[in-house]
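Listing of input.txt, compact mmCIF, C-alpha atoms
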```
# COMPACT_ATOMS: atom_id res chain seq x y z
CA MET A 196 11.43 33.06 16.98
CA VAL A 197 10.38 30.79 19.79
CA SER A 198 6.64 30.76 20.21
CA LYS A 199 4.96 30.26 23.54
CA THR A 200 3.06 27.03 24.06
CA ILE A 201 -0.50 27.42 25.25
CA THR A 202 -2.63 24.58 26.50
CA PRO A 203 -6.24 25.66 26.96
CA ALA A 204 -7.87 24.55 30.19
CA LEU A 205 -9.74 21.30 29.93
CA PRO A 206 -13.43 22.20 30.08
CA ASP A 207 -15.39 20.99 33.12
CA LYS A 208 -17.87 19.20 30.96
CA ILE A 209 -16.10 17.38 28.15
CA ILE A 210 -18.08 17.48 24.92
CA THR A 211 -16.81 16.15 21.62
CA GLY A 212 -17.58 17.69 18.29
CA LYS A 213 -19.66 14.67 17.40
CA GLU A 214 -21.87 15.13 20.44
CA ALA A 215 -22.27 18.80 19.66
CA GLY A 216 -23.39 17.96 16.12
CA LEU A 217 -20.27 19.42 14.54
CA VAL A 218 -17.83 17.93 12.09
CA LEU A 219 -14.24 18.93 11.44
CA CYS A 220 -12.95 18.83 7.86
CA ALA A 221 -9.92 16.57 7.93
CA GLU A 222 -8.28 18.47 5.08
CA CYS A 223 -8.76 22.19 5.61
CA TYR A 224 -9.60 22.27 9.36
CA LYS A 225 -12.94 24.02 8.91
CA VAL A 226 -15.71 23.25 11.37
CA HIS A 227 -19.12 22.55 9.90
CA ARG A 228 -22.53 21.69 11.24
CA TYR A 229 -23.09 17.96 10.70
CA ILE A 230 -26.08 16.82 8.65
CA PRO A 231 -26.97 13.26 9.72
CA ASP A 232 -27.69 10.54 7.15
CA ALA A 233 -26.40 12.56 4.25
CA GLU A 234 -23.21 12.51 2.26
CA GLN A 235 -21.65 15.79 3.16
CA GLU A 236 -18.84 17.58 1.39
CA CYS A 237 -16.76 20.37 2.80
CA ARG A 238 -18.06 23.55 1.19
CA CYS A 239 -14.61 25.05 1.29
CA CYS A 240 -12.27 22.39 -0.03
CA GLY A 241 -14.60 19.68 -1.35
CA ALA A 242 -13.32 16.90 0.89
CA GLU A 243 -15.73 14.27 2.14
CA LEU A 244 -16.87 15.04 5.67
CA TYR A 245 -17.30 12.38 8.29
CA GLN A 246 -17.41 12.57 12.05
CA ARG A 247 -15.47 9.29 12.29
CA LYS A 248 -13.65 7.48 9.51
CA PRO A 249 -16.12 5.04 7.92
CA ASP A 250 -15.71 1.40 9.00
CA SER A 251 -12.50 2.36 10.72
CA ILE A 252 -12.18 -0.66 13.02
CA ASN A 253 -13.12 -3.27 10.42
CA ARG A 254 -10.75 -1.84 7.83
CA THR A 255 -7.90 -1.65 10.30
CA TRP A 256 -8.46 -5.27 11.31
CA ALA A 257 -8.56 -6.35 7.66
CA PHE A 258 -5.27 -4.67 6.78
CA LEU A 259 -3.70 -5.89 10.00
CA ILE A 260 -4.65 -9.54 9.51
CA ALA A 261 -3.53 -9.48 5.88
CA SER A 262 -0.16 -8.08 6.89
CA MET A 263 0.25 -10.67 9.65
CA ILE A 264 -0.37 -13.52 7.21
CA LEU A 265 2.15 -12.11 4.77
CA TYR A 266 4.69 -11.67 7.54
CA ILE A 267 5.26 -15.44 7.57
CA PRO A 268 6.75 -15.70 4.06
CA VAL A 269 8.68 -12.51 4.75
CA ASN A 270 10.69 -14.28 7.42
CA THR A 271 10.94 -17.76 5.95
CA MET A 272 11.72 -17.02 2.30
CA MET A 273 14.86 -15.42 0.97
CA ILE A 274 14.97 -11.68 0.47
CA MET A 275 18.01 -11.66 -1.81
CA ASN A 276 20.52 -13.94 -3.40
CA VAL A 277 24.19 -13.08 -3.67
CA ALA A 278 25.98 -15.02 -6.41
CA TYR A 279 29.69 -14.49 -5.90
CA PHE A 280 32.01 -16.25 -8.36
CA GLY A 281 29.41 -18.89 -9.08
CA THR A 282 28.41 -19.73 -5.51
CA ASP A 283 24.89 -18.81 -4.53
CA GLU A 284 24.30 -17.33 -1.12
CA PRO A 285 20.60 -16.78 -0.49
CA SER A 286 19.74 -14.86 2.67
CA THR A 287 16.66 -14.11 4.70
CA ILE A 288 16.10 -10.84 6.57
CA MET A 289 17.59 -12.20 9.81
CA GLY A 290 20.38 -13.80 7.78
CA GLY A 291 21.27 -10.38 6.40
CA VAL A 292 21.44 -8.92 9.90
CA ILE A 293 23.68 -11.78 11.11
CA LEU A 294 25.94 -11.33 8.08
CA LEU A 295 26.33 -7.64 8.88
CA LEU A 296 27.21 -8.55 12.47
CA GLN A 297 29.86 -10.98 11.28
CA MET A 298 31.29 -8.28 9.03
CA GLY A 299 31.75 -6.19 12.17
CA SER A 300 29.41 -3.34 11.28
CA HIS A 301 27.37 -3.49 14.46
CA ALA A 302 25.73 -0.08 14.06
CA VAL A 303 24.37 -0.86 10.61
CA ALA A 304 23.28 -4.33 11.72
CA PHE A 305 21.38 -2.69 14.56
CA VAL A 306 19.69 -0.19 12.23
CA VAL A 307 18.63 -2.93 9.81
CA PHE A 308 17.40 -5.12 12.67
CA VAL A 309 15.32 -2.29 14.09
CA ALA A 310 13.89 -1.20 10.74
CA SER A 311 13.04 -4.56 9.28
CA VAL A 312 12.38 -6.80 12.29
CA LEU A 313 11.47 -4.73 15.32
CA VAL A 314 9.46 -1.98 13.59
CA PRO A 315 7.03 -4.25 11.69
CA LEU A 316 6.54 -6.45 14.76
CA PHE A 317 6.02 -3.50 17.08
CA LYS A 318 3.63 -1.97 14.59
CA MET A 319 1.48 -5.05 14.20
CA ILE A 320 1.37 -5.81 17.92
CA GLY A 321 0.77 -2.15 18.77
CA ILE A 322 -2.15 -1.72 16.38
CA MET A 323 -3.63 -4.98 17.64
CA LEU A 324 -3.29 -3.82 21.24
CA ILE A 325 -5.02 -0.54 20.43
CA LEU A 326 -7.83 -2.38 18.66
CA PHE A 327 -8.23 -4.71 21.62
CA SER A 328 -8.24 -1.77 23.99
CA LEU A 329 -11.45 -0.59 22.30
CA LYS A 330 -13.17 -3.81 23.32
CA TYR A 331 -11.48 -5.00 26.47
CA LYS A 332 -9.94 -3.27 29.40
CA VAL A 333 -6.25 -2.68 28.80
CA ASN A 334 -4.00 -1.31 31.47
CA MET A 335 -3.05 1.87 29.61
CA THR A 336 -3.99 5.50 30.02
CA ASP A 337 -5.48 7.47 27.14
CA ARG A 338 -2.33 9.52 26.75
CA GLN A 339 -0.24 6.37 26.54
CA ARG A 340 -2.48 4.93 23.85
CA ILE A 341 -2.43 8.05 21.70
CA LYS A 342 1.32 8.39 22.15
CA MET A 343 1.81 4.79 21.11
CA PHE A 344 -0.36 5.30 18.04
CA ARG A 345 1.51 8.46 17.02
CA PHE A 346 4.77 6.56 17.40
CA ILE A 347 3.45 3.70 15.26
CA GLU A 348 2.42 6.13 12.54
CA PHE A 349 5.82 7.79 12.65
CA ILE A 350 8.00 4.69 12.45
CA GLY A 351 5.94 2.80 9.87
CA ARG A 352 7.67 4.06 6.77
CA TRP A 353 11.15 3.22 8.00
CA SER A 354 10.61 -0.47 7.47
CA MET A 355 10.83 0.21 3.73
CA LEU A 356 14.58 0.32 4.36
CA ASP A 357 15.25 -3.29 3.45
CA ILE A 358 13.27 -2.98 0.23
CA PHE A 359 15.39 -0.02 -0.83
CA VAL A 360 18.61 -1.80 0.13
CA VAL A 361 17.64 -4.80 -1.99
CA SER A 362 16.71 -2.63 -4.94
CA ILE A 363 19.96 -0.66 -4.75
CA LEU A 364 22.09 -3.78 -4.45
CA ALA A 365 20.26 -5.58 -7.24
CA ALA A 366 20.77 -2.60 -9.53
CA LEU A 367 24.40 -2.03 -8.64
CA VAL A 368 25.77 -5.55 -8.53
CA HIS A 369 25.02 -7.49 -11.64
CA ILE A 370 28.26 -8.46 -13.31
CA THR A 371 27.33 -11.79 -14.86
CA GLY A 372 29.52 -14.65 -13.73
CA VAL A 373 31.41 -12.60 -11.16
CA ALA A 374 28.95 -11.10 -8.76
CA GLU A 375 25.25 -10.84 -9.09
CA ILE A 376 22.62 -9.86 -6.55
CA THR A 377 19.00 -10.64 -7.26
CA ALA A 378 15.88 -9.92 -5.24
CA GLY A 379 13.95 -12.81 -3.69
CA PRO A 380 10.25 -13.50 -3.16
CA ALA A 381 10.41 -12.19 0.42
CA ALA A 382 11.15 -8.73 -0.95
CA THR A 383 7.77 -8.60 -2.67
CA ALA A 384 6.05 -9.92 0.45
CA PHE A 385 7.88 -7.48 2.69
CA GLY A 386 7.00 -4.51 0.52
CA THR A 387 3.35 -5.55 0.67
CA VAL A 388 3.52 -5.94 4.47
CA VAL A 389 4.89 -2.41 4.86
CA VAL A 390 2.16 -0.96 2.64
CA LEU A 391 -0.54 -2.94 4.46
CA THR A 392 0.58 -1.86 7.92
CA MET A 393 0.73 1.75 6.75
CA LEU A 394 -2.82 1.43 5.42
CA ALA A 395 -3.90 -0.17 8.70
CA ALA A 396 -2.55 2.77 10.67
CA SER A 397 -4.05 5.37 8.35
CA SER A 398 -7.51 3.79 8.36
CA PHE A 399 -7.69 3.90 12.14
CA ASP A 400 -9.50 6.89 13.57
CA THR A 401 -7.79 8.12 16.74
CA ARG A 402 -10.98 9.81 17.89
CA LEU A 403 -12.45 6.37 18.57
CA LEU A 404 -10.02 5.96 21.47
CA TRP A 405 -11.83 8.71 23.34
CA ASP A 406 -15.31 7.74 22.20
CA TYR A 407 -14.87 4.34 23.77
CA LYS A 408 -14.21 5.82 27.16
CA ARG A 409 -17.35 7.90 26.99
CA LYS A 410 -19.39 4.90 25.94
CA ASN A 411 -18.08 3.12 29.00
CA TYR A 412 -19.00 5.98 31.25
CA LYS A 413 -22.48 5.84 29.83
CA ASN A 414 -22.57 2.11 30.47
CA ILE A 415 -21.72 2.69 34.09
CA GLU A 416 -24.58 5.13 34.37
CA LEU A 417 -26.89 2.85 32.47
CA ASN A 418 -25.97 -0.16 34.56
CA GLN A 419 -27.55 1.46 37.56
CA GLU A 420 -30.86 1.27 35.80
CA PRO A 421 -32.03 -2.27 35.12
CA ALA A 422 -33.00 -3.38 31.64
CA ALA A 423 -30.84 -0.75 29.97
CA ASP A 424 -29.18 -1.90 26.79
CA MET B 86 -26.51 29.62 13.06
CA GLN B 87 -23.81 28.77 10.59
CA VAL B 88 -20.56 27.57 12.03
CA VAL B 89 -17.80 27.93 9.49
CA VAL B 90 -14.38 28.61 10.81
CA THR B 91 -11.05 28.42 9.03
CA GLY B 92 -7.62 27.28 10.02
CA ARG B 93 -5.94 30.28 11.51
CA SER B 94 -9.08 32.21 12.11
CA GLN B 95 -10.43 29.06 13.67
CA VAL B 96 -7.91 29.60 16.38
CA ILE B 97 -7.85 33.34 16.51
CA ASN B 98 -11.30 34.72 15.86
CA SER B 99 -13.71 31.95 16.50
CA ARG B 100 -15.17 30.67 19.65
CA ILE B 101 -15.17 27.04 18.57
CA LEU B 102 -12.25 24.69 18.16
CA LEU B 103 -12.28 20.97 17.44
CA CYS B 104 -9.26 18.76 18.08
CA HIS B 105 -8.21 16.79 15.01
CA GLU B 106 -7.17 13.74 16.99
CA CYS B 107 -9.63 13.44 19.87
CA ASP B 108 -12.58 15.60 18.69
CA LEU B 109 -12.61 17.64 21.89
CA LEU B 110 -14.75 20.75 21.69
CA ILE B 111 -13.02 23.82 23.06
CA GLU B 112 -15.14 26.92 23.39
CA ASN B 113 -14.47 30.54 24.19
CA GLN B 114 -10.72 30.19 23.99
CA GLU B 115 -8.70 33.37 23.80
CA ILE B 116 -5.53 32.57 21.90
CA CYS B 117 -2.70 34.75 20.72
CA GLU B 118 -1.49 34.59 17.15
CA THR B 119 2.15 33.88 17.90
CA CYS B 120 1.57 30.93 20.19
CA LYS B 121 1.67 27.20 19.75
CA VAL B 122 -1.65 25.78 20.86
CA GLN B 123 -2.03 22.25 22.20
CA CYS B 124 -5.11 20.16 22.86
CA PRO B 125 -5.55 19.80 26.65
CA ARG B 126 -6.82 16.24 26.37
CA CYS B 127 -4.55 14.48 23.88
CA GLY B 128 -1.65 16.90 23.39
CA HIS B 129 -2.15 17.30 19.63
CA VAL B 130 -0.78 20.58 18.29
CA LEU B 131 -3.80 22.53 17.10
CA TYR B 132 -1.95 25.48 15.68
CA LYS B 133 1.60 26.68 15.43
CA GLN B 134 2.85 29.95 14.09
CA LYS B 135 5.67 29.80 11.55
CA HIS B 136 7.63 32.71 10.25
CA ASN B 137 7.32 33.61 6.52
CA THR B 138 5.99 30.17 5.88
CA ILE B 139 4.86 30.50 2.27
CA SER B 140 7.88 32.23 0.76
CA ARG B 141 10.29 30.03 2.69
CA SER B 142 8.73 26.77 1.61
CA LEU B 143 8.50 28.06 -1.97
CA ALA B 144 12.24 28.73 -1.95
CA TYR B 145 13.07 25.30 -0.56
CA ALA B 146 10.69 23.57 -2.95
CA LEU B 147 12.31 25.27 -5.95
CA THR B 148 15.75 24.27 -4.70
CA ALA B 149 14.58 20.69 -4.34
CA LEU B 150 13.14 20.69 -7.86
CA ILE B 151 16.45 21.85 -9.28
CA CYS B 152 18.24 19.01 -7.52
CA PHE B 153 15.65 16.50 -8.64
CA TYR B 154 16.81 15.77 -12.18
CA PRO B 155 20.45 14.98 -11.36
CA ALA B 156 19.38 13.09 -8.24
CA VAL B 157 17.36 10.52 -10.13
CA THR B 158 19.28 10.26 -13.40
CA GLN B 159 22.92 10.58 -12.34
CA PRO B 160 24.66 7.55 -10.83
CA ILE B 161 24.36 7.40 -7.06
CA MET B 162 27.13 4.89 -6.66
CA ILE B 163 29.82 3.47 -8.88
CA LEU B 164 31.04 -0.03 -8.18
CA GLU B 165 34.43 -1.24 -9.33
CA MET B 166 35.28 -4.90 -9.40
CA LEU B 167 38.01 -6.73 -11.30
CA GLY B 168 38.46 -3.74 -13.59
CA LEU B 169 34.77 -3.68 -14.42
CA SER B 170 32.65 -0.81 -13.31
CA GLN B 171 28.95 -0.59 -12.75
CA GLN B 172 26.71 2.37 -12.07
CA GLN B 173 23.38 2.70 -10.40
CA SER B 174 20.95 5.56 -10.49
CA LEU B 175 17.50 5.72 -8.99
CA ILE B 176 15.75 5.14 -12.30
CA SER B 177 18.09 2.39 -13.52
CA GLY B 178 17.59 0.56 -10.22
CA SER B 179 13.86 0.38 -10.71
CA LEU B 180 14.25 -0.60 -14.37
CA ILE B 181 16.51 -3.54 -13.52
CA LEU B 182 14.03 -4.83 -10.96
CA LEU B 183 11.25 -4.50 -13.53
CA ARG B 184 13.29 -6.56 -16.00
CA GLU B 185 13.76 -9.21 -13.35
CA LYS B 186 9.97 -9.23 -12.93
CA TYR B 187 9.89 -7.97 -9.35
CA TYR B 188 7.04 -5.64 -10.20
CA VAL B 189 5.87 -4.88 -6.66
CA VAL B 190 9.34 -4.03 -5.39
CA ALA B 191 10.20 -2.00 -8.50
CA ILE B 192 7.00 0.02 -8.50
CA LEU B 193 7.09 0.56 -4.75
CA THR B 194 10.68 1.80 -4.89
CA PHE B 195 10.03 4.04 -7.86
CA LEU B 196 6.87 5.51 -6.39
CA SER B 197 8.11 6.20 -2.89
CA SER B 198 11.61 7.41 -3.71
CA CYS B 199 10.97 9.27 -6.95
CA LEU B 200 7.48 9.82 -8.29
CA VAL B 201 5.62 10.78 -5.08
CA PRO B 202 8.32 13.21 -3.90
CA LEU B 203 8.44 14.81 -7.36
CA PHE B 204 4.69 15.14 -7.53
CA ARG B 205 4.51 16.61 -4.04
CA LEU B 206 7.22 19.14 -4.82
CA LEU B 207 5.42 20.22 -7.98
CA LEU B 208 2.14 20.62 -6.09
CA LEU B 209 3.83 22.57 -3.30
CA THR B 210 5.55 24.87 -5.79
CA TYR B 211 2.29 25.42 -7.64
CA VAL B 212 0.38 26.28 -4.48
CA THR B 213 2.98 28.50 -2.82
CA LEU B 214 3.88 30.26 -6.07
CA SER B 215 0.23 31.00 -6.80
CA ILE B 216 -0.28 32.44 -3.33
CA THR B 217 2.82 34.59 -3.70
CA LEU B 218 1.68 35.88 -7.09
CA ASN B 219 -1.85 36.36 -5.82
CA TYR B 220 -3.24 34.02 -8.44
CA TYR B 221 -6.26 31.84 -7.82
CA HIS B 222 -7.62 28.81 -9.63
CA LYS B 223 -9.98 26.06 -8.47
CA SER B 224 -7.30 23.40 -8.93
CA LEU B 225 -5.25 24.94 -6.11
CA ILE B 226 -7.66 23.54 -3.55
CA TRP B 227 -7.35 19.91 -4.60
CA SER B 228 -3.65 20.36 -5.29
CA PHE B 229 -3.01 21.21 -1.69
CA ARG B 230 -5.29 18.44 -0.48
CA LEU B 231 -3.42 15.92 -2.61
CA PHE B 232 -0.12 17.27 -1.34
CA HIS B 233 -1.26 16.61 2.18
CA GLU B 234 -2.67 13.16 1.46
CA MET B 235 0.50 11.83 -0.17
CA GLU B 236 2.64 12.89 2.74
CA GLU B 237 3.51 9.49 4.19
CA TRP B 238 4.16 7.82 0.83
CA GLY B 239 7.18 9.91 -0.06
CA MET B 240 10.19 8.25 1.51
CA LEU B 241 13.28 10.15 0.44
CA GLU B 242 14.95 9.88 3.85
CA VAL B 243 14.41 6.15 4.11
CA TYR B 244 16.03 5.68 0.69
CA MET B 245 19.03 7.70 1.87
CA LEU B 246 19.46 5.31 4.80
CA GLY B 247 19.09 2.47 2.32
CA ILE B 248 22.04 3.84 0.34
CA ILE B 249 24.19 3.89 3.48
CA VAL B 250 23.29 0.31 4.41
CA ALA B 251 23.94 -0.86 0.85
CA VAL B 252 27.39 0.74 0.90
CA VAL B 253 28.30 -1.02 4.14
CA LYS B 254 27.10 -4.34 2.77
CA LEU B 255 29.22 -3.95 -0.36
CA LEU B 256 32.41 -2.70 1.27
CA SER B 257 33.86 -6.15 1.74
CA MET B 258 33.04 -7.18 -1.80
CA ALA B 259 34.13 -4.36 -4.05
CA GLU B 260 35.30 -0.81 -4.30
CA ILE B 261 32.61 1.83 -4.19
CA GLN B 262 32.70 5.42 -5.23
CA PRO B 263 29.99 7.98 -4.68
CA GLY B 264 28.54 9.43 -7.87
CA PHE B 265 27.26 12.91 -8.55
CA GLY B 266 23.73 11.61 -8.05
CA LEU B 267 24.45 10.97 -4.37
CA TRP B 268 25.27 14.62 -3.64
CA ALA B 269 22.27 15.75 -5.65
CA TYR B 270 20.10 13.28 -3.78
CA ALA B 271 21.36 14.52 -0.41
CA ALA B 272 20.62 18.11 -1.44
CA LEU B 273 17.17 17.10 -2.65
CA LEU B 274 16.47 15.35 0.66
CA LEU B 275 17.64 18.30 2.73
CA SER B 276 15.72 20.94 0.81
CA SER B 277 12.51 18.95 0.65
CA ILE B 278 12.62 18.31 4.40
CA LEU B 279 13.15 22.04 4.96
CA ALA B 280 10.28 22.82 2.59
CA THR B 281 7.84 20.72 4.59
CA THR B 282 9.03 21.89 8.00
CA ALA B 283 8.77 25.54 6.93
CA LEU B 284 5.22 24.99 5.74
CA ASN B 285 2.26 25.86 7.92
CA PRO B 286 -0.81 24.24 6.34
CA HIS B 287 -3.19 26.42 8.37
CA GLU B 288 -1.79 29.54 6.81
CA VAL B 289 -1.90 28.08 3.31
CA TRP B 290 -5.55 27.12 3.79
CA ASP B 291 -6.33 30.59 5.06
CA ALA B 292 -4.75 32.17 2.01
CA LEU B 293 -6.43 29.76 -0.40
CA LEU B 294 -9.89 30.00 1.13
CA ASP B 295 -9.60 33.76 1.41
CA ARG B 296 -9.18 33.93 -2.33
CA LYS B 297 -11.87 31.38 -2.90
CA THR B 298 -14.48 33.20 -0.84
CA ARG B 299 -14.01 36.27 -3.02
CA GLU B 300 -15.58 34.27 -5.84
CA GLU B 301 -18.09 32.17 -3.94
CA PRO B 302 -18.63 32.20 -0.19
CA CYS B 303 -18.09 28.93 1.64
```
As structure tokens, the full file:
Amino acid sequence: MVSKTITPALPDKIITGKEAGLVLCAECYKVHRYIPDAEQECRCCGAELYQRKPDSINRTWAFLIASMILYIPVNTMMIMNVAYFGTDEPSTIMGGVILLLQMGSHAVAFVVFVASVLVPLFKMIGIMLILFSLKYKVNMTDRQRIKMFRFIEFIGRWSMLDIFVVSILAALVHITGVAEITAGPAATAFGTVVVLTMLAASSFDTRLLWDYKRKNYKNIELNQEPAAD
Amino acid sequence: MQVVVTGRSQVINSRILLCHECDLLIENQEICETCKVQCPRCGHVLYKQKHNTISRSLAYALTALICFYPAVTQPIMILEMLGLSQQQSLISGSLILLREKYYVVAILTFLSSCLVPLFRLLLLTYVTLSITLNYYHKSLIWSFRLFHEMEEWGMLEVYMLGIIVAVVKLLSMAEIQPGFGLWAYAALLLSSILATTALNPHEVWDALLDRKTREEPC
């Protein structure tokens, strides 16, 4: 059964739920009347109600900065050590990718490179760009910003790939004296980075992207009157 | 005036709609039940009709639960090297990392590839089974909320890719054989993906809140 897609017409006067004094329950999709300055719970499912996620921007910045700091040891320290007949061969994340290239498995090397190098970088830079776009003018349309954010949310979990690979290898290959693979400190750091970037994305409230634009519009109107704040 | 509108009825009966992602207020919208409805401003899908959603996701969730035990306890891969053989299952992998004192990695792996998916499947089975049997209990509401909240922390598919990458890395070193756990894991992955794609949360909320309002209006 293929269902028809309907896009309602954009109303002439754009009003958000916040401006209309309404609040949408993030869990069960019910619409309630918003009571200002009160802790409000959804009467239907008991979830906390808020028009915008509390402290969204500050929390996102905090998680983002923490993950950026941890990203340094991720790339400089070793993620796993391969002891093969007594010779140690520690490798970093990039080292692992290069090793896979040398082995001739280009497709897998590409997948690992995307998941553990490109994805975390893209995620951190993307979230930062979106946060900056709330303060400064960035040459992006609203649709582009929301699409970028949805993409960031979608790809985030895939960077766990390297953590899983390390844990599988460490479990499978531990024949003492012959071949032994152990995890390195970068694995811990990398796991934390992935969790932190996921938390950063989930604490960001997408509705702020549209609020900002309206605030700007208001500023334009206000600027015509002197002494407006 | 009291404005309380539910998931499906929010779209079908009511005059007020709020977009989840951009908070746009859409009023007086006539919408058919079998359509997919998109927000005109940000493109977020507000509502999408799915066929037989509750019984289908119940069936897939039960299938996934059956596959779960072999998937985590049976060896996923068997490595042979110089006549020695070594096995690895999902649980043994996490245990070895714990013994090597990589607590963060071990716990993260165990949570995202085993515990969270199991918990979500149990919650989904509980909710869909209760709706099918027309049973209602207060705990259903938070069960479904929890199911929704844990969504991004279950990473079965990423672990599957991890298995493939690990195999490629080991090919030059030793001989590798797939274990029974691998097939069970693949089946678990497939059925749990199908369970979540078949699920329409709006319809589940409608069914749950319908039963709830019989006891106390909300």
Exercise for the section: Using all atoms listed in the file, find the residues of chain A whose closest atom to chain B is at most 6 Å away, then write them as a VMD selection string. Expected result: chain A and resid 198 to 203 205 210 to 212 224 to 227 238 to 240 353 356 359 to 360 366 to 367 383 401 to 402
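What separates atom CA of Val368 of chain A from atom CA of Thr158 of chain B is a distance of 17.8 Å.
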Expressed in Å, the length from atom CA of Cys220 of chain A to atom CA of Glu236 of chain A is 8.8 Å
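Of the residues listed (A:Tyr266, A:Tyr279, A:Phe308, A:Phe258), A:Tyr279 shows the shortest atom-to-atom separation from Glu375 of chain A; distances use all atoms listed in the file.
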Centre, edges in Å (one decimal): axis-aligned box, segment 224-228 of chain A, 4 Å padding on all six sides, as JSON:
```
{"center_x": -16.1, "center_y": 22.9, "center_z": 10.1, "size_x": 20.9, "size_y": 10.3, "size_z": 10.5}
```
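Distance annotation: of A:Ala221, A:Val277, A:Ala365, A:Val388, the residue with the minimal separation from Ile264 of chain A is A:Val388; atom set is all atoms listed in the file.
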Near-Phe204 of chain B list (12 Å; all atoms listed in the file; drop same-chain fewer than 2 positions) as a list in words
Ala146, Ala149, Leu150, Phe153, Leu196, Ser197, Ser198, Cys199, Leu200, Val201, Pro202, Leu206, Leu207, Leu208, Leu209, Thr210, Tyr211, Ser228, Phe229, Leu231, Phe232, His233, Glu234, Met235, Glu236, Trp238, Gly239 and Ser277 of chain B
From atom CA of Arg338 of chain A to atom CA of Ala204 of chain A the spacing works out at 16.4 Å
